[in-house]
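Scroll down for the structure; my scribbles are underneath it.
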Amino acid sequence: MAEQETMIRLEGIKKRFQTKAGEIEVLHGVDADIKKGEVFGIIGLSGAGKSTLVRCINLLERPTGGKVWLDGVDLMALNEKELREQRRHMGMIFQQFHLLMQKTALENVCFPLLISGVPKAQAKERAKELLELVGLADRMESYPSQLSGGQKQRVAIARALATEPKVLLCDEATSALDPNTTAGVLALLKDINARLGITIVVITHEMSVIQEICDRVAIIDGGLIAEEGTVEEIFRNPKTQIGKELVLHEGENREAYTGRLPHCYRLVFKGGSENEPVLGRMMIDTKGVANILAANTRTIDDQAFGQMVLQFPEEKELRETMIQYLRDRGVVVEEVEYV
């Protein structure tokens, strides 16, 4: 099968800012290839550089080093007029929606079309189609103040799609929403990707968002890509410390935990095996008891995955016997620091 073509290529992206305390470099040479038609996630903790990176993709922040390619076009080599034309191929949605409060939902979606020279009647028809696409056919004449957070974000998504972009950039697009509303917005983005084939880049600090919608993910830490792979690869076997922390804690408040617990291991079950009594059998057969510290399930690429953190016994021989028992039955087991 032919390799997917690249939609966005980042080569050695650096970004420095001038502050009162002097110059600081936020991005230290980021490389990434984002394929046409995929949903690509960029995840990191606060201050990792992820929001700066997404603004470098469309040159809202101009990198101080490196190159940005969009569908084969070197954006860094363009003049302002050429760059504005290329930006039409990149829609963007934000955490705080950025809607015009004095305009209706329909007028908000029309706005980018009108400023790009589309006739008013044509812009209105296009805006109606997009609001129907995002499930707001009955709220076209509503003002942002009359809409819920989820509805505002749907208007923002419709507006971002107005110029028929090749790429949709989502900067913490669900962070201001409650879990149920987040699930609805993510399902909408997934549907848009499948129906329209638009490449979507998702910037987030929440691993649950990545696991729900993305095909591949890059973990950014300290202004560099720490690791990259399919969502399943990162979930099953994160290779870096930051990857392990993001997968294990999934955005929980780590300050809630006090002290480090010894002999903690993360278990990953695939494809429904989390429903089999493998842990119970292990404890019966090995005569050892493990303490369950945390557990959850995720659906990644339509497959069920279970994740648990267990604290195993102090006795080394018994602990190793229990771990080998699980590995022999296809369970991924890796030692973790649990605090």
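Each chain of the structure tokens is named A, B, ... in the order shown, its residues numbered from 1; ligands are numbered from 1 in display order.
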Filtered DSSP result for region 3-136 of chain A, state strand (DSSP E or B), as a PyMOL selection string: chain A and resi 6-19+22-35+39-43+65-70+73-74+90-94
Dump N, CA and C atoms for the selected residues as a short mmCIF file (atom, residue, chain, number, x, y, z; two decimals), in the first residue's frame?
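File part-v9.cif, as written:
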```cif
data_model
loop_
_atom_site.label_atom_id
_atom_site.label_comp_id
_atom_site.auth_asym_id
_atom_site.auth_seq_id
_atom_site.Cartn_x
_atom_site.Cartn_y
_atom_site.Cartn_z
N THR A 6 2.41 13.60 2.78
CA THR A 6 2.55 14.51 3.91
C THR A 6 1.76 15.79 3.66
N MET A 7 0.96 16.21 4.64
CA MET A 7 0.24 17.48 4.55
C MET A 7 1.04 18.60 5.20
N ILE A 8 1.58 18.34 6.41
CA ILE A 8 2.37 19.34 7.13
C ILE A 8 3.72 18.73 7.48
N ARG A 9 4.77 19.45 7.15
CA ARG A 9 6.12 19.01 7.54
C ARG A 9 6.79 20.13 8.32
N LEU A 10 7.23 19.80 9.52
CA LEU A 10 7.97 20.74 10.36
C LEU A 10 9.43 20.29 10.40
N GLU A 11 10.32 21.20 10.07
CA GLU A 11 11.75 20.87 10.03
C GLU A 11 12.52 21.81 10.95
N GLY A 12 12.99 21.28 12.05
CA GLY A 12 13.85 22.04 12.95
C GLY A 12 13.25 23.34 13.46
N ILE A 13 11.96 23.31 13.84
CA ILE A 13 11.28 24.54 14.25
C ILE A 13 11.82 25.03 15.60
N LYS A 14 12.30 26.27 15.59
CA LYS A 14 12.74 26.94 16.81
C LYS A 14 11.93 28.22 16.98
N LYS A 15 11.68 28.57 18.23
CA LYS A 15 10.99 29.82 18.50
C LYS A 15 11.54 30.46 19.77
N ARG A 16 12.02 31.70 19.61
CA ARG A 16 12.54 32.46 20.74
C ARG A 16 11.66 33.69 20.98
N PHE A 17 11.52 34.05 22.24
CA PHE A 17 10.77 35.24 22.62
C PHE A 17 11.68 36.16 23.43
N GLN A 18 11.48 37.46 23.23
CA GLN A 18 12.21 38.45 24.01
C GLN A 18 11.37 38.82 25.24
N THR A 19 11.94 38.67 26.42
CA THR A 19 11.24 39.01 27.66
C THR A 19 12.08 40.04 28.43
N GLY A 22 15.27 38.73 29.42
CA GLY A 22 16.16 38.33 28.35
C GLY A 22 15.46 37.42 27.36
N GLU A 23 16.20 36.89 26.42
CA GLU A 23 15.64 36.04 25.38
C GLU A 23 15.49 34.60 25.88
N ILE A 24 14.32 34.00 25.62
CA ILE A 24 14.12 32.60 25.97
C ILE A 24 13.70 31.83 24.72
N GLU A 25 14.16 30.60 24.62
CA GLU A 25 13.80 29.74 23.49
C GLU A 25 12.78 28.72 23.98
N VAL A 26 11.59 28.74 23.36
CA VAL A 26 10.49 27.86 23.77
C VAL A 26 10.51 26.56 22.98
N LEU A 27 10.83 26.64 21.69
CA LEU A 27 10.96 25.44 20.85
C LEU A 27 12.41 25.31 20.41
N HIS A 28 12.95 24.10 20.52
CA HIS A 28 14.39 23.90 20.34
C HIS A 28 14.78 23.10 19.10
N GLY A 29 13.87 23.02 18.13
CA GLY A 29 14.18 22.26 16.92
C GLY A 29 13.23 21.09 16.75
N VAL A 30 11.95 21.41 16.51
CA VAL A 30 10.90 20.39 16.43
C VAL A 30 10.77 19.88 14.99
N ASP A 31 10.78 18.56 14.85
CA ASP A 31 10.56 17.91 13.55
C ASP A 31 9.29 17.07 13.65
N ALA A 32 8.44 17.13 12.64
CA ALA A 32 7.23 16.30 12.61
C ALA A 32 6.69 16.25 11.19
N ASP A 33 6.14 15.10 10.82
CA ASP A 33 5.43 14.91 9.55
C ASP A 33 3.99 14.52 9.86
N ILE A 34 3.05 15.31 9.36
CA ILE A 34 1.63 15.04 9.57
C ILE A 34 1.03 14.66 8.22
N LYS A 35 0.43 13.48 8.15
CA LYS A 35 -0.03 12.92 6.89
C LYS A 35 -1.40 13.47 6.48
N VAL A 39 -5.78 12.32 11.81
CA VAL A 39 -5.97 13.15 13.00
C VAL A 39 -4.71 12.98 13.84
N PHE A 40 -3.95 14.05 13.95
CA PHE A 40 -2.64 14.01 14.60
C PHE A 40 -2.71 14.80 15.90
N GLY A 41 -2.31 14.18 16.99
CA GLY A 41 -2.35 14.84 18.28
C GLY A 41 -0.98 15.31 18.72
N ILE A 42 -0.94 16.48 19.36
CA ILE A 42 0.27 16.98 20.01
C ILE A 42 -0.10 17.22 21.46
N ILE A 43 0.54 16.48 22.37
CA ILE A 43 0.17 16.54 23.78
C ILE A 43 1.39 16.89 24.61
N GLY A 65 13.60 29.81 13.56
CA GLY A 65 14.46 28.88 12.85
C GLY A 65 13.66 27.71 12.33
N GLY A 66 14.10 27.11 11.22
CA GLY A 66 13.43 25.95 10.67
C GLY A 66 12.48 26.30 9.53
N LYS A 67 11.76 25.28 9.05
CA LYS A 67 10.85 25.44 7.93
C LYS A 67 9.50 24.79 8.23
N VAL A 68 8.45 25.40 7.67
CA VAL A 68 7.09 24.85 7.76
C VAL A 68 6.59 24.64 6.34
N TRP A 69 6.23 23.40 6.03
CA TRP A 69 5.69 23.07 4.71
C TRP A 69 4.22 22.71 4.84
N LEU A 70 3.38 23.27 3.98
CA LEU A 70 1.96 22.92 3.91
C LEU A 70 1.67 22.39 2.52
N VAL A 73 4.22 23.37 0.05
CA VAL A 73 4.54 24.79 -0.07
C VAL A 73 5.35 25.23 1.15
N ASP A 74 6.50 25.86 0.93
CA ASP A 74 7.35 26.38 2.00
C ASP A 74 6.76 27.72 2.48
N MET A 90 -6.04 26.67 6.12
CA MET A 90 -5.90 26.21 7.50
C MET A 90 -6.95 26.87 8.38
N GLY A 91 -7.96 26.10 8.78
CA GLY A 91 -8.93 26.61 9.75
C GLY A 91 -8.40 26.40 11.15
N MET A 92 -8.86 27.21 12.10
CA MET A 92 -8.38 27.08 13.48
C MET A 92 -9.52 27.28 14.45
N ILE A 93 -9.58 26.40 15.46
CA ILE A 93 -10.55 26.57 16.53
C ILE A 93 -9.80 26.65 17.86
N PHE A 94 -10.35 27.46 18.77
CA PHE A 94 -9.66 27.80 20.01
C PHE A 94 -10.47 27.35 21.22
#
```
Selection: 12 Å around Lys244 (chain A), only C-alpha atoms, excl. self and same-chain fewer than 3 positions, as a list in words: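 Contacts, with the query itself left out: Gly44, Met207, Ile219, Ala226, Glu227, Glu233, Ile234, Phe235, Arg236, Asn237, Pro238, Lys239, Thr240, Gln241, Val247, Leu248, His249, Glu250, Gly251, Tyr265, Arg266, Glu334, Glu335, Val336, Glu337 and Tyr338 of chain A.
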Surrounding residues of region 115-124 of chain A excluding itself and chain neighbours under 5 positions, 10 Å, only C-alpha atoms, as a PyMOL selection string: chain A and resi 85+88+106-107+109-110+129-130+162-163
Could you write out the selected residues, including N, CA and C atoms, as a compact mmCIF listing (two decimals), in the first residue's frame?
```txt
# COMPACT_ATOMS: atom_id res chain seq x y z
N GLU A 85 -3.07 33.83 1.54
CA GLU A 85 -3.76 32.88 0.66
C GLU A 85 -3.60 31.45 1.19
N ARG A 88 -5.78 30.45 4.16
CA ARG A 88 -7.15 30.06 3.85
C ARG A 88 -7.31 28.54 3.86
N LEU A 106 -25.18 32.34 12.23
CA LEU A 106 -25.08 32.37 10.77
C LEU A 106 -24.10 33.46 10.33
N GLU A 107 -24.20 34.65 10.94
CA GLU A 107 -23.32 35.76 10.56
C GLU A 107 -21.87 35.47 10.94
N VAL A 109 -20.42 32.53 10.88
CA VAL A 109 -19.88 31.60 9.88
C VAL A 109 -19.69 32.29 8.53
N CYS A 110 -20.58 33.24 8.24
CA CYS A 110 -20.45 34.01 6.99
C CYS A 110 -19.21 34.90 6.97
N GLU A 129 -25.27 25.46 5.20
CA GLU A 129 -24.84 24.07 5.02
C GLU A 129 -23.93 23.63 6.16
N LEU A 130 -23.01 24.51 6.55
CA LEU A 130 -22.04 24.15 7.59
C LEU A 130 -22.70 24.06 8.96
N ALA A 162 -15.44 27.13 6.83
CA ALA A 162 -16.10 27.95 5.82
C ALA A 162 -15.29 28.08 4.54
N THR A 163 -13.98 28.22 4.65
CA THR A 163 -13.14 28.43 3.46
C THR A 163 -12.64 27.11 2.85
```
Secondary structure check, alpha helix (DSSP H) residues of region 157-244 of chain A, as a ChimeraX atom specification: /A:157-161,179-196,207-213,231-236,241-244
For Lys316 (chain A), work out the shell of residues within 12 Å, counting only C-alpha atoms and skipping chain neighbours fewer than 5 positions away, then give it as an mmCIF file with all heavy atoms, in the first residue's frame.
```
data_model
loop_
_atom_site.group_PDB
_atom_site.id
_atom_site.type_symbol
_atom_site.label_atom_id
_atom_site.label_comp_id
_atom_site.auth_asym_id
_atom_site.auth_seq_id
_atom_site.Cartn_x
_atom_site.Cartn_y
_atom_site.Cartn_z
ATOM 1 N N PRO A 262 6.170 1.607 46.611
ATOM 2 C CA PRO A 262 7.105 0.654 45.997
ATOM 3 C C PRO A 262 6.397 -0.441 45.210
ATOM 4 O O PRO A 262 5.218 -0.737 45.436
ATOM 5 C CB PRO A 262 7.822 0.060 47.215
ATOM 6 C CG PRO A 262 6.797 0.115 48.318
ATOM 7 C CD PRO A 262 5.999 1.377 48.056
ATOM 8 N N HIS A 263 7.129 -1.015 44.243
ATOM 9 C CA HIS A 263 6.689 -2.214 43.501
ATOM 10 C C HIS A 263 5.362 -2.009 42.765
ATOM 11 O O HIS A 263 4.468 -2.858 42.803
ATOM 12 C CB HIS A 263 6.600 -3.430 44.437
ATOM 13 C CG HIS A 263 7.765 -3.592 45.355
ATOM 14 N ND1 HIS A 263 9.060 -3.592 44.886
ATOM 15 C CD2 HIS A 263 7.836 -3.726 46.721
ATOM 16 C CE1 HIS A 263 9.888 -3.735 45.919
ATOM 17 N NE2 HIS A 263 9.177 -3.812 47.035
ATOM 18 N N GLY A 288 -0.399 -15.150 45.737
ATOM 19 C CA GLY A 288 0.094 -13.805 46.035
ATOM 20 C C GLY A 288 -1.023 -12.792 45.852
ATOM 21 O O GLY A 288 -1.921 -12.978 45.036
ATOM 22 N N THR A 321 7.229 -14.001 40.008
ATOM 23 C CA THR A 321 6.367 -15.106 39.573
ATOM 24 C C THR A 321 5.008 -14.575 39.108
ATOM 25 O O THR A 321 4.468 -14.993 38.070
ATOM 26 C CB THR A 321 6.167 -16.115 40.718
ATOM 27 O OG1 THR A 321 7.442 -16.659 41.081
ATOM 28 C CG2 THR A 321 5.234 -17.249 40.294
ATOM 29 N N MET A 322 4.461 -13.651 39.867
ATOM 30 C CA MET A 322 3.153 -13.066 39.526
ATOM 31 C C MET A 322 3.224 -12.278 38.217
ATOM 32 O O MET A 322 2.333 -12.390 37.358
ATOM 33 C CB MET A 322 2.687 -12.156 40.673
ATOM 34 C CG MET A 322 2.414 -12.899 41.974
ATOM 35 S SD MET A 322 2.173 -11.781 43.393
ATOM 36 C CE MET A 322 0.538 -11.163 43.057
ATOM 37 N N ILE A 323 4.286 -11.515 38.045
ATOM 38 C CA ILE A 323 4.445 -10.713 36.828
ATOM 39 C C ILE A 323 4.610 -11.618 35.605
ATOM 40 O O ILE A 323 4.000 -11.374 34.555
ATOM 41 C CB ILE A 323 5.648 -9.755 36.978
ATOM 42 C CG1 ILE A 323 5.313 -8.664 38.001
ATOM 43 C CG2 ILE A 323 6.025 -9.125 35.634
ATOM 44 C CD1 ILE A 323 6.497 -7.846 38.443
#
```
CA of Glu132 (chain A) to CA of Gln86 (chain A), straight-line distance in Å: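 If I compute the distance from CA of Gln86 (chain A) to CA of Glu132 (chain A), I get 26.5 Å.
Among the candidates A:Ala105, A:Pro144, A:Thr286, A:Ala176, the one nearest to Lys128 (chain A) when counting only C-alpha atoms is A:Ala105.
Residues lying within 6 Å of Leu310 (chain A), counting only C-alpha atoms and ignoring same-chain neighbours fewer than 2 positions away, are Cys264, Tyr265, Asn291, Ile292 and Leu293 of chain A.
The neighbours of Val289 (chain A) here are the residues that come within 10 Å of it, using only C-alpha atoms and leaving out any residue fewer than 6 positions away in the same chain; they are Leu279, Gly280, Met282, Met283, Leu310, Gln311, Phe312, Pro313, Leu318, Arg319 and Met322 of chain A.
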Could you write out the selected residues, including N, CA, C and O atoms, as a PDB file, in the first residue's frame?
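Result saved to selection_28.pdb:
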```pdb
ATOM      1  N   LEU A 279      -6.557 -11.662  36.669  1.00  0.00           N
ATOM      2  CA  LEU A 279      -5.957 -11.231  37.933  1.00  0.00           C
ATOM      3  C   LEU A 279      -6.345 -12.170  39.070  1.00  0.00           C
ATOM      4  O   LEU A 279      -5.512 -12.546  39.893  1.00  0.00           O
ATOM      5  N   GLY A 280      -7.632 -12.532  39.093  1.00  0.00           N
ATOM      6  CA  GLY A 280      -8.081 -13.459  40.121  1.00  0.00           C
ATOM      7  C   GLY A 280      -7.374 -14.798  40.022  1.00  0.00           C
ATOM      8  O   GLY A 280      -6.936 -15.363  41.036  1.00  0.00           O
ATOM      9  N   MET A 282      -4.460 -15.337  38.669  1.00  0.00           N
ATOM     10  CA  MET A 282      -3.059 -15.123  39.033  1.00  0.00           C
ATOM     11  C   MET A 282      -2.875 -15.171  40.551  1.00  0.00           C
ATOM     12  O   MET A 282      -1.954 -15.829  41.068  1.00  0.00           O
ATOM     13  N   MET A 283      -3.761 -14.512  41.286  1.00  0.00           N
ATOM     14  CA  MET A 283      -3.628 -14.487  42.738  1.00  0.00           C
ATOM     15  C   MET A 283      -3.878 -15.861  43.353  1.00  0.00           C
ATOM     16  O   MET A 283      -3.204 -16.258  44.309  1.00  0.00           O
ATOM     17  N   LEU A 310      -1.077  -1.811  39.637  1.00  0.00           N
ATOM     18  CA  LEU A 310      -1.087  -2.727  40.781  1.00  0.00           C
ATOM     19  C   LEU A 310       0.165  -2.528  41.618  1.00  0.00           C
ATOM     20  O   LEU A 310       1.249  -2.255  41.086  1.00  0.00           O
ATOM     21  N   GLN A 311       0.011  -2.710  42.922  1.00  0.00           N
ATOM     22  CA  GLN A 311       1.178  -2.781  43.803  1.00  0.00           C
ATOM     23  C   GLN A 311       1.379  -4.244  44.172  1.00  0.00           C
ATOM     24  O   GLN A 311       0.498  -4.883  44.740  1.00  0.00           O
ATOM     25  N   PHE A 312       2.542  -4.759  43.796  1.00  0.00           N
ATOM     26  CA  PHE A 312       2.848  -6.176  44.008  1.00  0.00           C
ATOM     27  C   PHE A 312       3.534  -6.380  45.361  1.00  0.00           C
ATOM     28  O   PHE A 312       4.015  -5.422  45.986  1.00  0.00           O
ATOM     29  N   PRO A 313       3.625  -7.644  45.822  1.00  0.00           N
ATOM     30  CA  PRO A 313       4.206  -7.917  47.140  1.00  0.00           C
ATOM     31  C   PRO A 313       5.685  -7.524  47.243  1.00  0.00           C
ATOM     32  O   PRO A 313       6.386  -7.411  46.238  1.00  0.00           O
ATOM     33  N   LEU A 318       8.232 -13.957  44.715  1.00  0.00           N
ATOM     34  CA  LEU A 318       6.790 -14.041  44.498  1.00  0.00           C
ATOM     35  C   LEU A 318       6.348 -12.978  43.493  1.00  0.00           C
ATOM     36  O   LEU A 318       5.546 -13.258  42.593  1.00  0.00           O
ATOM     37  N   ARG A 319       6.890 -11.773  43.630  1.00  0.00           N
ATOM     38  CA  ARG A 319       6.528 -10.675  42.717  1.00  0.00           C
ATOM     39  C   ARG A 319       6.875 -11.020  41.280  1.00  0.00           C
ATOM     40  O   ARG A 319       6.065 -10.836  40.366  1.00  0.00           O
ATOM     41  N   MET A 322       4.461 -13.651  39.867  1.00  0.00           N
ATOM     42  CA  MET A 322       3.153 -13.066  39.526  1.00  0.00           C
ATOM     43  C   MET A 322       3.224 -12.278  38.217  1.00  0.00           C
ATOM     44  O   MET A 322       2.333 -12.390  37.358  1.00  0.00           O
TER      45      MET A 322
END
```
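Of note, CA of Asp171 (chain A) and CA of Ser51 (chain A) are spaced 6.7 Å apart.
Each of A:Arg55, A:Thr230, A:Leu45, A:Arg139 was checked against Leu246 (chain A) using only C-alpha atoms; the smallest atom-to-atom distance is that of A:Leu45.
The space separating CA of Gln102 (chain A) from CA of Tyr143 (chain A) comes to 7.1 Å.
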